Structures are given as structure tokens and as C-alpha cells.
$ cat work_1.cif   # mmCIF, C-alpha atoms and all ligand atoms
data_data
loop_
_atom_site.group_PDB
_atom_site.id
_atom_site.type_symbol
_atom_site.label_atom_id
_atom_site.label_comp_id
_atom_site.auth_asym_id
_atom_site.auth_seq_id
_atom_site.Cartn_x
_atom_site.Cartn_y
_atom_site.Cartn_z
ATOM 1 C CA MET A 115 -15.781 5.907 10.907
ATOM 2 C CA ARG A 116 -12.700 4.506 9.190
ATOM 3 C CA ARG A 117 -9.279 5.707 10.322
ATOM 4 C CA LYS A 118 -7.104 7.209 7.644
ATOM 5 C CA LEU A 119 -3.798 5.520 6.804
ATOM 6 C CA VAL A 120 -0.799 7.007 4.992
ATOM 7 C CA VAL A 121 1.980 4.626 3.926
ATOM 8 C CA GLY A 122 5.299 5.636 2.400
ATOM 9 C CA ASN A 123 6.626 3.276 -0.253
ATOM 10 C CA TRP A 124 10.331 4.019 -0.443
ATOM 11 C CA LYS A 125 10.829 1.611 -3.360
ATOM 12 C CA MET A 126 14.562 1.043 -4.073
ATOM 13 C CA ASN A 127 15.717 4.361 -2.654
ATOM 14 C CA GLY A 128 17.667 5.661 0.292
ATOM 15 C CA ASN A 129 20.653 4.636 2.351
ATOM 16 C CA ARG A 130 21.312 4.307 6.055
ATOM 17 C CA LEU A 131 22.046 8.003 6.507
ATOM 18 C CA THR A 132 19.125 9.359 4.482
ATOM 19 C CA ASN A 133 16.764 6.841 6.093
ATOM 20 C CA THR A 134 17.754 8.019 9.564
ATOM 21 C CA GLU A 135 17.248 11.673 8.631
ATOM 22 C CA LEU A 136 13.943 10.970 6.919
ATOM 23 C CA LEU A 137 12.535 8.987 9.833
ATOM 24 C CA ALA A 138 13.668 11.610 12.343
ATOM 25 C CA GLY A 139 11.925 14.325 10.328
ATOM 26 C CA VAL A 140 8.681 12.375 10.053
ATOM 27 C CA GLU A 141 8.731 11.355 13.693
ATOM 28 C CA GLU A 142 9.463 14.832 15.061
ATOM 29 C CA ALA A 143 6.544 16.339 13.162
ATOM 30 C CA GLY A 144 4.075 13.879 14.692
ATOM 31 C CA PRO A 145 1.865 12.708 16.218
ATOM 32 C CA TYR A 146 -0.603 12.510 13.357
ATOM 33 C CA THR A 147 -4.341 12.088 13.319
ATOM 34 C CA ALA A 148 -3.949 9.373 10.694
ATOM 35 C CA ASP A 149 -2.065 6.120 11.085
ATOM 36 C CA VAL A 150 1.332 6.435 9.398
ATOM 37 C CA ALA A 151 3.791 3.775 8.214
ATOM 38 C CA VAL A 152 6.783 3.379 5.920
ATOM 39 C CA CYS A 153 7.627 0.391 3.709
ATOM 40 C CA ALA A 154 11.402 0.122 3.471
ATOM 41 C CA PRO A 155 13.756 -2.041 1.387
ATOM 42 C CA PHE A 156 14.537 -5.381 3.061
ATOM 43 C CA PRO A 157 18.128 -4.646 4.214
ATOM 44 C CA TYR A 158 16.991 -1.608 6.195
ATOM 45 C CA LEU A 159 14.083 -3.212 8.025
ATOM 46 C CA SER A 160 16.067 -4.017 11.118
ATOM 47 C CA GLU A 161 17.321 -0.426 11.497
ATOM 48 C CA VAL A 162 13.901 1.006 10.695
ATOM 49 C CA ALA A 163 12.415 -1.282 13.334
ATOM 50 C CA LEU A 164 14.951 -0.107 15.903
ATOM 51 C CA SER A 165 14.396 3.567 15.238
ATOM 52 C CA LEU A 166 10.600 3.336 15.150
ATOM 53 C CA GLN A 167 10.202 0.984 18.086
ATOM 54 C CA ALA A 168 7.835 2.443 20.660
ATOM 55 C CA LYS A 169 7.013 5.275 18.246
ATOM 56 C CA ARG A 170 3.635 5.797 16.680
ATOM 57 C CA ILE A 171 4.844 5.100 13.152
ATOM 58 C CA GLY A 172 4.516 1.596 11.773
ATOM 59 C CA TRP A 173 6.734 -0.107 9.232
ATOM 60 C CA GLY A 174 6.594 -2.790 6.631
ATOM 61 C CA ALA A 175 8.134 -4.279 3.497
ATOM 62 C CA GLN A 176 7.421 -3.889 -0.199
ATOM 63 C CA ASP A 177 6.975 -7.536 -1.139
ATOM 64 C CA CYS A 178 7.128 -11.049 0.271
ATOM 65 C CA SER A 179 7.407 -14.560 -1.073
ATOM 66 C CA ALA A 180 4.277 -16.604 -1.722
ATOM 67 C CA HIS A 181 6.155 -19.566 -0.221
ATOM 68 C CA GLU A 182 6.556 -20.437 3.422
ATOM 69 C CA SER A 183 10.326 -21.188 3.271
ATOM 70 C CA GLY A 184 12.798 -23.245 1.286
ATOM 71 C CA ALA A 185 14.837 -23.152 -1.908
ATOM 72 C CA TYR A 186 13.728 -19.769 -3.279
ATOM 73 C CA THR A 187 16.974 -17.870 -3.735
ATOM 74 C CA GLY A 188 16.600 -14.144 -3.263
ATOM 75 C CA GLU A 189 13.127 -14.279 -1.773
ATOM 76 C CA VAL A 190 12.063 -13.091 1.662
ATOM 77 C CA SER A 191 9.305 -14.836 3.589
ATOM 78 C CA ALA A 192 6.383 -13.271 5.414
ATOM 79 C CA GLU A 193 7.539 -15.043 8.563
ATOM 80 C CA MET A 194 10.909 -13.252 8.359
ATOM 81 C CA LEU A 195 9.167 -9.904 7.954
ATOM 82 C CA ALA A 196 7.025 -10.626 10.988
ATOM 83 C CA GLU A 197 10.170 -11.324 12.987
ATOM 84 C CA PHE A 198 11.310 -7.764 12.290
ATOM 85 C CA GLY A 199 8.076 -6.322 13.591
ATOM 86 C CA CYS A 200 6.598 -5.447 10.209
ATOM 87 C CA ARG A 201 2.943 -4.526 10.394
ATOM 88 C CA PHE A 202 2.456 -4.187 6.637
ATOM 89 C CA VAL A 203 3.648 -5.710 3.400
ATOM 90 C CA ILE A 204 2.821 -4.286 -0.012
ATOM 91 C CA VAL A 205 1.803 -6.997 -2.491
ATOM 92 C CA GLY A 206 0.923 -6.719 -6.160
ATOM 93 C CA HIS A 207 2.482 -3.323 -6.719
ATOM 94 C CA SER A 208 2.246 -2.546 -10.432
ATOM 95 C CA GLU A 209 6.045 -2.493 -10.657
ATOM 96 C CA ARG A 210 6.106 -6.091 -9.397
ATOM 97 C CA ARG A 211 3.288 -7.071 -11.730
ATOM 98 C CA ALA A 212 5.025 -5.427 -14.718
ATOM 99 C CA TYR A 213 8.732 -6.163 -14.133
ATOM 100 C CA HIS A 214 8.385 -9.520 -12.399
ATOM 101 C CA ALA A 215 5.338 -10.821 -14.230
ATOM 102 C CA GLU A 216 3.358 -11.305 -11.042
ATOM 103 C CA SER A 217 -0.059 -12.757 -11.801
ATOM 104 C CA ASP A 218 -3.307 -11.984 -9.995
ATOM 105 C CA GLN A 219 -3.132 -15.413 -8.358
ATOM 106 C CA LEU A 220 0.461 -14.967 -7.172
ATOM 107 C CA VAL A 221 -0.506 -11.637 -5.620
ATOM 108 C CA ALA A 222 -3.448 -13.323 -3.898
ATOM 109 C CA ASP A 223 -1.168 -16.093 -2.586
ATOM 110 C CA LYS A 224 1.222 -13.486 -1.182
ATOM 111 C CA ALA A 225 -1.661 -11.730 0.560
ATOM 112 C CA LYS A 226 -2.727 -15.040 2.071
ATOM 113 C CA ILE A 227 0.667 -15.941 3.487
ATOM 114 C CA ALA A 228 1.109 -12.400 4.817
ATOM 115 C CA LEU A 229 -2.146 -12.714 6.779
ATOM 116 C CA LYS A 230 -1.072 -16.103 8.068
ATOM 117 C CA HIS A 231 1.924 -14.400 9.679
ATOM 118 C CA ASN A 232 -0.140 -11.546 11.081
ATOM 119 C CA LEU A 233 1.027 -8.978 8.563
ATOM 120 C CA THR A 234 -1.478 -6.692 6.894
ATOM 121 C CA PRO A 235 -1.073 -6.996 3.136
ATOM 122 C CA ILE A 236 -1.548 -3.766 1.213
ATOM 123 C CA VAL A 237 -2.900 -5.187 -2.023
ATOM 124 C CA CYS A 238 -2.390 -2.912 -5.022
ATOM 125 C CA VAL A 239 -4.701 -2.842 -8.014
ATOM 126 C CA GLY A 240 -4.828 -0.461 -10.961
ATOM 127 C CA GLU A 241 -5.155 -0.070 -14.686
ATOM 128 C CA THR A 242 -2.649 1.077 -17.308
ATOM 129 C CA LEU A 243 -3.262 4.131 -19.486
ATOM 130 C CA ALA A 244 -4.146 1.928 -22.458
ATOM 131 C CA GLU A 245 -6.685 0.064 -20.334
ATOM 132 C CA ARG A 246 -8.237 3.311 -19.085
ATOM 133 C CA GLU A 247 -8.459 4.667 -22.602
ATOM 134 C CA ALA A 248 -10.149 1.454 -23.701
ATOM 135 C CA ASN A 249 -12.719 1.904 -20.896
ATOM 136 C CA GLN A 250 -11.450 -1.226 -19.171
ATOM 137 C CA THR A 251 -10.615 0.339 -15.806
ATOM 138 C CA ASP A 252 -13.535 -1.232 -13.947
ATOM 139 C CA ALA A 253 -13.016 -4.675 -15.450
ATOM 140 C CA ILE A 254 -9.274 -4.678 -14.723
ATOM 141 C CA VAL A 255 -9.438 -3.635 -11.089
ATOM 142 C CA LYS A 256 -12.351 -5.977 -10.438
ATOM 143 C CA ARG A 257 -10.453 -8.883 -11.973
ATOM 144 C CA GLN A 258 -7.354 -8.112 -9.861
ATOM 145 C CA MET A 259 -9.453 -7.776 -6.707
ATOM 146 C CA SER A 260 -11.545 -10.849 -7.336
ATOM 147 C CA ALA A 261 -8.491 -13.164 -7.337
ATOM 148 C CA VAL A 262 -7.697 -11.924 -3.835
ATOM 149 C CA ILE A 263 -11.306 -12.198 -2.648
ATOM 150 C CA HIS A 264 -11.529 -15.724 -3.986
ATOM 151 C CA THR A 265 -8.285 -16.800 -2.296
ATOM 152 C CA LEU A 266 -8.835 -15.126 1.077
ATOM 153 C CA GLY A 267 -12.548 -15.764 1.557
ATOM 154 C CA HIS A 268 -13.925 -14.046 4.655
ATOM 155 C CA CYS A 269 -10.367 -12.975 5.657
ATOM 156 C CA ILE A 270 -10.558 -10.379 2.888
ATOM 157 C CA SER A 271 -11.746 -7.887 5.522
ATOM 158 C CA GLN A 272 -8.245 -7.968 7.084
ATOM 159 C CA ILE A 273 -6.401 -6.516 4.099
ATOM 160 C CA VAL A 274 -5.771 -2.928 3.039
ATOM 161 C CA VAL A 275 -6.451 -2.179 -0.628
ATOM 162 C CA ALA A 276 -4.516 0.417 -2.631
ATOM 163 C CA TYR A 277 -5.931 1.695 -5.899
ATOM 164 C CA GLU A 278 -2.949 2.844 -7.928
ATOM 165 C CA PRO A 279 -3.615 3.731 -11.547
ATOM 166 C CA VAL A 280 -0.388 2.711 -13.311
ATOM 167 C CA TRP A 281 -0.422 5.868 -15.454
ATOM 168 C CA ALA A 282 -0.308 8.018 -12.316
ATOM 169 C CA ILE A 283 2.652 6.317 -10.625
ATOM 170 C CA GLY A 284 5.776 8.434 -10.647
ATOM 171 C CA THR A 285 4.497 10.411 -13.616
ATOM 172 C CA GLY A 286 3.203 13.556 -11.934
ATOM 173 C CA LEU A 287 -0.218 12.730 -13.402
ATOM 174 C CA THR A 288 -2.760 12.185 -10.646
ATOM 175 C CA ALA A 289 -6.236 10.768 -10.927
ATOM 176 C CA THR A 290 -8.685 13.549 -10.131
ATOM 177 C CA PRO A 291 -10.407 13.080 -6.789
ATOM 178 C CA GLU A 292 -13.570 12.193 -8.716
ATOM 179 C CA GLN A 293 -11.818 9.624 -10.935
ATOM 180 C CA ALA A 294 -10.217 7.998 -7.904
ATOM 181 C CA GLN A 295 -13.432 8.084 -5.862
ATOM 182 C CA ALA A 296 -15.326 6.338 -8.671
ATOM 183 C CA VAL A 297 -12.923 3.387 -8.618
ATOM 184 C CA HIS A 298 -12.803 3.283 -4.814
ATOM 185 C CA ALA A 299 -16.599 3.151 -4.682
ATOM 186 C CA LEU A 300 -16.600 0.340 -7.215
ATOM 187 C CA LEU A 301 -14.064 -1.619 -5.173
ATOM 188 C CA ARG A 302 -16.059 -1.107 -1.999
ATOM 189 C CA VAL A 303 -19.191 -2.470 -3.654
ATOM 190 C CA GLN A 304 -17.202 -5.492 -4.831
ATOM 191 C CA LEU A 305 -15.768 -6.026 -1.339
ATOM 192 C CA HIS A 306 -19.230 -5.638 0.160
ATOM 193 C CA ALA A 307 -20.428 -8.648 -1.763
ATOM 194 C CA ALA A 308 -17.594 -10.635 -0.120
ATOM 195 C CA THR A 309 -17.685 -9.371 3.455
ATOM 196 C CA PRO A 310 -20.145 -7.504 5.663
ATOM 197 C CA LYS A 311 -17.100 -5.658 7.050
ATOM 198 C CA SER A 312 -16.317 -3.859 3.796
ATOM 199 C CA ASP A 313 -17.378 -0.562 5.371
ATOM 200 C CA GLN A 314 -14.465 -0.840 7.801
ATOM 201 C CA MET A 315 -11.841 -1.659 5.171
ATOM 202 C CA GLN A 316 -9.264 0.947 4.223
ATOM 203 C CA ILE A 317 -8.897 1.668 0.510
ATOM 204 C CA LEU A 318 -5.868 3.872 -0.169
ATOM 205 C CA TYR A 319 -5.151 5.892 -3.289
ATOM 206 C CA GLY A 320 -1.648 5.939 -4.770
ATOM 207 C CA GLY A 321 -0.137 7.653 -7.786
ATOM 208 C CA SER A 322 1.649 11.023 -7.612
ATOM 209 C CA VAL A 323 0.081 12.053 -4.321
ATOM 210 C CA LYS A 324 1.743 15.339 -3.319
ATOM 211 C CA PRO A 325 1.235 17.903 -0.552
ATOM 212 C CA ASP A 326 -0.908 20.040 -2.871
ATOM 213 C CA ASN A 327 -3.352 17.330 -3.994
ATOM 214 C CA ALA A 328 -3.503 15.092 -0.918
ATOM 215 C CA ALA A 329 -6.294 16.883 0.968
ATOM 216 C CA ALA A 330 -8.662 16.871 -2.020
ATOM 217 C CA LEU A 331 -8.069 13.157 -2.617
ATOM 218 C CA PHE A 332 -8.390 12.221 1.060
ATOM 219 C CA SER A 333 -11.649 14.150 1.414
ATOM 220 C CA GLN A 334 -13.447 11.756 -0.916
ATOM 221 C CA PRO A 335 -15.864 9.456 0.912
ATOM 222 C CA ASP A 336 -14.200 6.169 -0.092
ATOM 223 C CA ILE A 337 -10.546 7.288 -0.050
ATOM 224 C CA ASP A 338 -9.086 6.295 3.294
ATOM 225 C CA GLY A 339 -5.548 7.590 2.859
ATOM 226 C CA GLY A 340 -2.641 7.101 0.491
ATOM 227 C CA LEU A 341 0.258 4.967 -0.645
ATOM 228 C CA ILE A 342 2.977 7.493 -1.317
ATOM 229 C CA GLY A 343 6.050 6.868 -3.483
ATOM 230 C CA GLY A 344 8.258 9.794 -4.519
ATOM 231 C CA ALA A 345 6.841 12.252 -2.008
ATOM 232 C CA SER A 346 7.533 9.863 0.882
ATOM 233 C CA LEU A 347 11.278 10.343 0.384
ATOM 234 C CA LYS A 348 11.231 13.988 1.491
ATOM 235 C CA ALA A 349 10.322 14.463 5.127
ATOM 236 C CA ALA A 350 8.597 17.814 4.568
ATOM 237 C CA ASP A 351 6.420 16.465 1.765
ATOM 238 C CA PHE A 352 5.531 13.233 3.542
ATOM 239 C CA VAL A 353 4.718 15.123 6.744
ATOM 240 C CA ALA A 354 2.428 17.479 4.810
ATOM 241 C CA ILE A 355 0.638 14.527 3.215
ATOM 242 C CA CYS A 356 0.265 12.751 6.576
ATOM 243 C CA ARG A 357 -1.210 15.944 8.045
ATOM 244 C CA ALA A 358 -3.669 16.190 5.150
ATOM 245 C CA ALA A 359 -5.155 12.859 6.232
ATOM 246 C CA ARG A 360 -7.547 13.478 9.109
HETATM 247 P P1 LIG B 401 4.334 7.785 -6.609
HETATM 248 O O1 LIG B 401 4.305 6.209 -6.351
HETATM 249 O O2 LIG B 401 3.722 8.457 -5.413
HETATM 250 O O3 LIG B 401 5.785 8.132 -6.795
HETATM 251 O O4 LIG B 401 3.536 8.043 -7.846
HETATM 252 C C1 LIG B 401 3.231 5.589 -5.688
HETATM 253 C C2 LIG B 401 3.466 4.117 -5.610
HETATM 254 O O5 LIG B 401 4.023 3.546 -6.558
HETATM 255 O O6 LIG B 401 3.116 3.455 -4.611
#
$ encode --input "work_1.cif" --output "C-alpha cells"
Amino acid sequence: MRRKLVVGNWKMNGNRLTNTELLAGVEEAGPYTADVAVCAPFPYLSEVALSLQAKRIGWGAQDCSAHESGAYTGEVSAEMLAEFGCRFVIVGHSERRAYHAESDQLVADKAKIALKHNLTPIVCVGETLAEREANQTDAIVKRQMSAVIHTLGHCISQIVVAYEPVWAIGTGLTATPEQAQAVHALLRVQLHAATPKSDQMQILYGGSVKPDNAAALFSQPDIDGGLIGGASLKAADFVAICRAAR
């Protein structure tokens, strides 16, 4: 039986005061049946780490460099994230792929260096609306996933996958539970060909998950929790979503 995992992706939102209030609200409403974590902007990681230390909520970052260290102005290494107690790092989010031209191979390299530093990469895959309408969903997510499988080899079993259809992110449009399940099942079959441990891997759904649609999504056999953007910024909503994962 796979444990469910719910991860908040704060993106570039919040400040020290709102972060403190948000974390207090999420923490007070726990403990949760599911594993819960938040991925905060880099400057707040140290404070998030302090306030969540010894609590049951994990934390992580939203990106990392594919390089170990050196002359990469503005980048943050996986080793630095590990030093701040991060358990997770999101890699290959569609906003990084779209606005920073991140390739499948770069995303795979980031996942690899994250694992090297004992972080769990949450590798995002997903198709755009145009790709879905052209019936390319399966081909796109398989191509994105296969770069990571190829680069990580048998270590692929140590990652978390997030299926996030680009058209559902921040739009209020959600994949139906059946649409999401179909892609999750496809990904699990692909992972199965790469590792006998695919049955134990967590595949999260992301894209306009809200308190009123979370339970239906999380009840699908291959949906092991969620990566939550907008709704992770309001304690009441995030708490409701975390409680829907059991
Ligand atoms: P959303 O974002 O929940 O606001 O749609 C999800 C994500 O981008 O991870």
C-alpha cells in the first residue's frame, strides 16, 4: 500500500508573516494520515526549516541547479538545499520548462543531482492544451519521463512523479479523475518497465486541486496525492486537501 503525499508549491508567493501564519494553521490542524510537505521560495527555507523542525510536516524547494557548485550566478545547488534540511525539490515544473526553457535532459540532470544529495526530486510532467487536443498527451508525458528514466537508471524508484497537465495549472480547470488516472496508469506502466519497484512509487496529480475535487482525484488507484499550487496558500484549503488524502 502506497502512502499518500500532499505537497504545497508556494511558487513566488508569501512573505515572512504570511508564511508563519500559514504554517501555524497547517500544523495545528494535523497530524494527517498522508505525508505533508511545503515547497517554499529559497529565501524562506531557513525559517521554514526552523518552524517545522521536529514537526511532522516536511519541506523542500521549487528548483535546484543541475550543477554541483561554481560560477552559476543566481542558482542554488542541491547540496545547499540539503543543508537546510530539505526533503524534497520540485524539478521540471511546467513554469520552469516554459519560462526558463528547461529541456527534458536538464530536468533529468537536476533530478540526478538532487538524489545524489539525498533529496527526493518531485519530477513534473504534463502536456499543454494544444498537445492534448492533438492527442499527444501520452507521447509527451512518456518522452518527458523517459529522459529521467534514462538518466537515473535503477535509481528512478527513488523519485516522486507529479503529473501536471499544463492547461489545468492555475486555471481552475482540473483534469477529471478519470483523465488523470489514465495518465497516471500510463506512467506507472512506463516506470514498471524501468524498475520492479514502480508499484511503490508515488505519482501525484497537480493542476487546480481544490478542497472540493481532491477526494475524487485521490481515490483513483494510481493517484497517490497531489502537488498543490494556489490552494496551498490558504491554510483552510490546504488542510482540507491534506485531510482528503488518506
Ligand atoms: P495550481 O498549481 O494548484 O495552482 O493549479 C499546481 C502547480 O503548479 O504545482
$ residues_around --input "work_1.cif" --residues "A:Gly240" --least-positions-apart "2" --cutoff "9 Å" --atoms "all atoms listed in the file" --output "list in words"
His207, Ser208, Cys238, Thr242, Thr251, Ile254, Val255, Gln258, Ala276, Tyr277, Glu278, Pro279, Val280 and Trp281 of chain A
$ residues_near_ligand --input "work_1.cif" --ligand "ligand LIG 401 (chain B)" --cutoff "7 Å" --atoms "all atoms listed in the file" --output "list in words"
Asn123, Glu278, Ala282, Ile283, Gly284, Thr285, Gly286, Gly320, Gly321, Ser322, Val323, Leu341, Ile342, Gly343, Gly344 and Ala345 of chain A
$ resolve_selection --input "work_1.cif" --expression "the PyMOL selection byres (((chain A and resi 205) around 12) and not hetatm)" --output "ChimeraX atom specification"
/A:123,153,174-180,192,202-204,206-211,216-229,233-239,258,262,273-276
$ atom_distance --input "work_1.cif" --atom1 "atom CA of A:Glu161" --atom2 "atom CA of A:Val190"
16.9 Å
$ atom_distance --input "work_1.cif" --atom1 "atom CA of A:Asn133" --atom2 "atom CA of A:Ile317"
26.8 Å
$ atom_distance --input "work_1.cif" --atom1 "atom CA of A:Arg257" --atom2 "atom CA of A:Lys118"
25.6 Å
$ closest_residue --input "work_1.cif" --among "A:Val303, A:Ala244, A:Ala296, A:Ala168" --to "A:Tyr319" --atoms "all atoms listed in the file"
A:Ala296
$ closest_residue --input "work_1.cif" --among "A:Val120, A:Ala248, A:Leu166, A:Met194" --to "A:Asp149" --atoms "only C-alpha atoms"
A:Val120
$ resolve_selection --input "work_1.cif" --expression "the PyMOL selection byres (((chain A and resi 116) around 8) and not hetatm)" --output "PDB file with C-alpha atoms, in the frame of the given file"
ATOM      1  CA  MET A 115     -15.781   5.907  10.907  1.00  0.00           C
ATOM      2  CA  ARG A 117      -9.279   5.707  10.322  1.00  0.00           C
ATOM      3  CA  LYS A 118      -7.104   7.209   7.644  1.00  0.00           C
ATOM      4  CA  ASP A 313     -17.378  -0.562   5.371  1.00  0.00           C
ATOM      5  CA  GLN A 314     -14.465  -0.840   7.801  1.00  0.00           C
ATOM      6  CA  MET A 315     -11.841  -1.659   5.171  1.00  0.00           C
ATOM      7  CA  GLN A 316      -9.264   0.947   4.223  1.00  0.00           C
ATOM      8  CA  ASP A 338      -9.086   6.295   3.294  1.00  0.00           C
TER       9      ASP A 338
END
$ resolve_selection --input "work_1.cif" --expression "the PyMOL selection byres (((chain A and resi 356-358) around 12) and not hetatm)" --output "PDB file with C-alpha atoms, in the coordinates of the input"
ATOM      1  CA  LYS A 118      -7.104   7.209   7.644  1.00  0.00           C
ATOM      2  CA  LEU A 119      -3.798   5.520   6.804  1.00  0.00           C
ATOM      3  CA  VAL A 120      -0.799   7.007   4.992  1.00  0.00           C
ATOM      4  CA  VAL A 121       1.980   4.626   3.926  1.00  0.00           C
ATOM      5  CA  GLY A 122       5.299   5.636   2.400  1.00  0.00           C
ATOM      6  CA  VAL A 140       8.681  12.375  10.053  1.00  0.00           C
ATOM      7  CA  GLU A 141       8.731  11.355  13.693  1.00  0.00           C
ATOM      8  CA  ALA A 143       6.544  16.339  13.162  1.00  0.00           C
ATOM      9  CA  GLY A 144       4.075  13.879  14.692  1.00  0.00           C
ATOM     10  CA  PRO A 145       1.865  12.708  16.218  1.00  0.00           C
ATOM     11  CA  TYR A 146      -0.603  12.510  13.357  1.00  0.00           C
ATOM     12  CA  THR A 147      -4.341  12.088  13.319  1.00  0.00           C
ATOM     13  CA  ALA A 148      -3.949   9.373  10.694  1.00  0.00           C
ATOM     14  CA  ASP A 149      -2.065   6.120  11.085  1.00  0.00           C
ATOM     15  CA  VAL A 150       1.332   6.435   9.398  1.00  0.00           C
ATOM     16  CA  ALA A 151       3.791   3.775   8.214  1.00  0.00           C
ATOM     17  CA  VAL A 152       6.783   3.379   5.920  1.00  0.00           C
ATOM     18  CA  ILE A 171       4.844   5.100  13.152  1.00  0.00           C
ATOM     19  CA  VAL A 323       0.081  12.053  -4.321  1.00  0.00           C
ATOM     20  CA  LYS A 324       1.743  15.339  -3.319  1.00  0.00           C
ATOM     21  CA  PRO A 325       1.235  17.903  -0.552  1.00  0.00           C
ATOM     22  CA  ASP A 326      -0.908  20.040  -2.871  1.00  0.00           C
ATOM     23  CA  ASN A 327      -3.352  17.330  -3.994  1.00  0.00           C
ATOM     24  CA  ALA A 328      -3.503  15.092  -0.918  1.00  0.00           C
ATOM     25  CA  ALA A 329      -6.294  16.883   0.968  1.00  0.00           C
ATOM     26  CA  ALA A 330      -8.662  16.871  -2.020  1.00  0.00           C
ATOM     27  CA  LEU A 331      -8.069  13.157  -2.617  1.00  0.00           C
ATOM     28  CA  PHE A 332      -8.390  12.221   1.060  1.00  0.00           C
ATOM     29  CA  SER A 333     -11.649  14.150   1.414  1.00  0.00           C
ATOM     30  CA  ASP A 338      -9.086   6.295   3.294  1.00  0.00           C
ATOM     31  CA  GLY A 339      -5.548   7.590   2.859  1.00  0.00           C
ATOM     32  CA  GLY A 340      -2.641   7.101   0.491  1.00  0.00           C
ATOM     33  CA  LEU A 341       0.258   4.967  -0.645  1.00  0.00           C
ATOM     34  CA  ILE A 342       2.977   7.493  -1.317  1.00  0.00           C
ATOM     35  CA  ALA A 345       6.841  12.252  -2.008  1.00  0.00           C
ATOM     36  CA  SER A 346       7.533   9.863   0.882  1.00  0.00           C
ATOM     37  CA  ALA A 349      10.322  14.463   5.127  1.00  0.00           C
ATOM     38  CA  ALA A 350       8.597  17.814   4.568  1.00  0.00           C
ATOM     39  CA  ASP A 351       6.420  16.465   1.765  1.00  0.00           C
ATOM     40  CA  PHE A 352       5.531  13.233   3.542  1.00  0.00           C
ATOM     41  CA  VAL A 353       4.718  15.123   6.744  1.00  0.00           C
ATOM     42  CA  ALA A 354       2.428  17.479   4.810  1.00  0.00           C
ATOM     43  CA  ILE A 355       0.638  14.527   3.215  1.00  0.00           C
ATOM     44  CA  ALA A 359      -5.155  12.859   6.232  1.00  0.00           C
ATOM     45  CA  ARG A 360      -7.547  13.478   9.109  1.00  0.00           C
TER      46      ARG A 360
END
$ closest_residue --input "work_1.cif" --among "A:Lys256, A:Arg246, A:Lys311, A:His181" --to "A:Cys269" --atoms "all atoms listed in the file"
A:Lys311
$ axis_aligned_box --input "work_1.cif" --around "stretch 165-168 of chain A" --padding-each-side "8 Å" --output "JSON"
{"center_x": 11.1, "center_y": 2.3, "center_z": 17.9, "size_x": 22.6, "size_y": 18.6, "size_z": 21.5}
$ closest_residue --input "work_1.cif" --among "A:His268, A:Thr290, A:Leu195, A:Ser165" --to "A:Thr309" --atoms "all atoms listed in the file"
A:His268
$ closest_residue --input "work_1.cif" --among "A:Asp252, A:Arg170, A:Leu164, A:Ile270" --to "A:Glu142" --atoms "all atoms listed in the file"
A:Arg170
$ build_atoms --input "work_1.cif" --residues "stretch 269-280 of chain A" --atoms "N, CA, C and O atoms" --output "short mmCIF file (atom, residue, chain, number, x, y, z; two decimals), keeping the file's coordinate frame"
data_model
loop_
_atom_site.label_atom_id
_atom_site.label_comp_id
_atom_site.auth_asym_id
_atom_site.auth_seq_id
_atom_site.Cartn_x
_atom_site.Cartn_y
_atom_site.Cartn_z
N CYS A 269 -11.53 -13.73 5.14
CA CYS A 269 -10.37 -12.98 5.66
C CYS A 269 -10.08 -11.72 4.84
O CYS A 269 -9.22 -10.91 5.21
N ILE A 270 -10.79 -11.56 3.73
CA ILE A 270 -10.56 -10.38 2.89
C ILE A 270 -10.70 -9.09 3.70
O ILE A 270 -10.04 -8.09 3.41
N SER A 271 -11.52 -9.12 4.74
CA SER A 271 -11.75 -7.89 5.52
C SER A 271 -10.48 -7.43 6.25
O SER A 271 -10.40 -6.30 6.72
N GLN A 272 -9.47 -8.31 6.34
CA GLN A 272 -8.24 -7.97 7.08
C GLN A 272 -7.18 -7.29 6.23
O GLN A 272 -6.11 -6.93 6.74
N ILE A 273 -7.43 -7.14 4.95
CA ILE A 273 -6.40 -6.52 4.10
C ILE A 273 -6.65 -5.01 3.98
O ILE A 273 -7.72 -4.51 4.30
N VAL A 274 -5.62 -4.31 3.50
CA VAL A 274 -5.77 -2.93 3.04
C VAL A 274 -5.65 -2.98 1.52
O VAL A 274 -4.83 -3.72 0.98
N VAL A 275 -6.50 -2.23 0.84
CA VAL A 275 -6.45 -2.18 -0.63
C VAL A 275 -5.83 -0.84 -1.04
O VAL A 275 -6.07 0.17 -0.38
N ALA A 276 -5.02 -0.85 -2.08
CA ALA A 276 -4.52 0.42 -2.63
C ALA A 276 -4.87 0.47 -4.11
O ALA A 276 -4.44 -0.40 -4.88
N TYR A 277 -5.66 1.47 -4.47
CA TYR A 277 -5.93 1.70 -5.90
C TYR A 277 -4.84 2.61 -6.44
O TYR A 277 -4.72 3.76 -6.00
N GLU A 278 -4.05 2.08 -7.35
CA GLU A 278 -2.95 2.84 -7.93
C GLU A 278 -3.00 2.76 -9.45
O GLU A 278 -2.49 1.79 -10.04
N PRO A 279 -3.62 3.75 -10.09
CA PRO A 279 -3.62 3.73 -11.55
C PRO A 279 -2.17 3.78 -12.05
O PRO A 279 -1.40 4.65 -11.65
N VAL A 280 -1.79 2.84 -12.90
CA VAL A 280 -0.39 2.71 -13.31
C VAL A 280 0.10 4.00 -13.99
O VAL A 280 1.23 4.42 -13.79
#
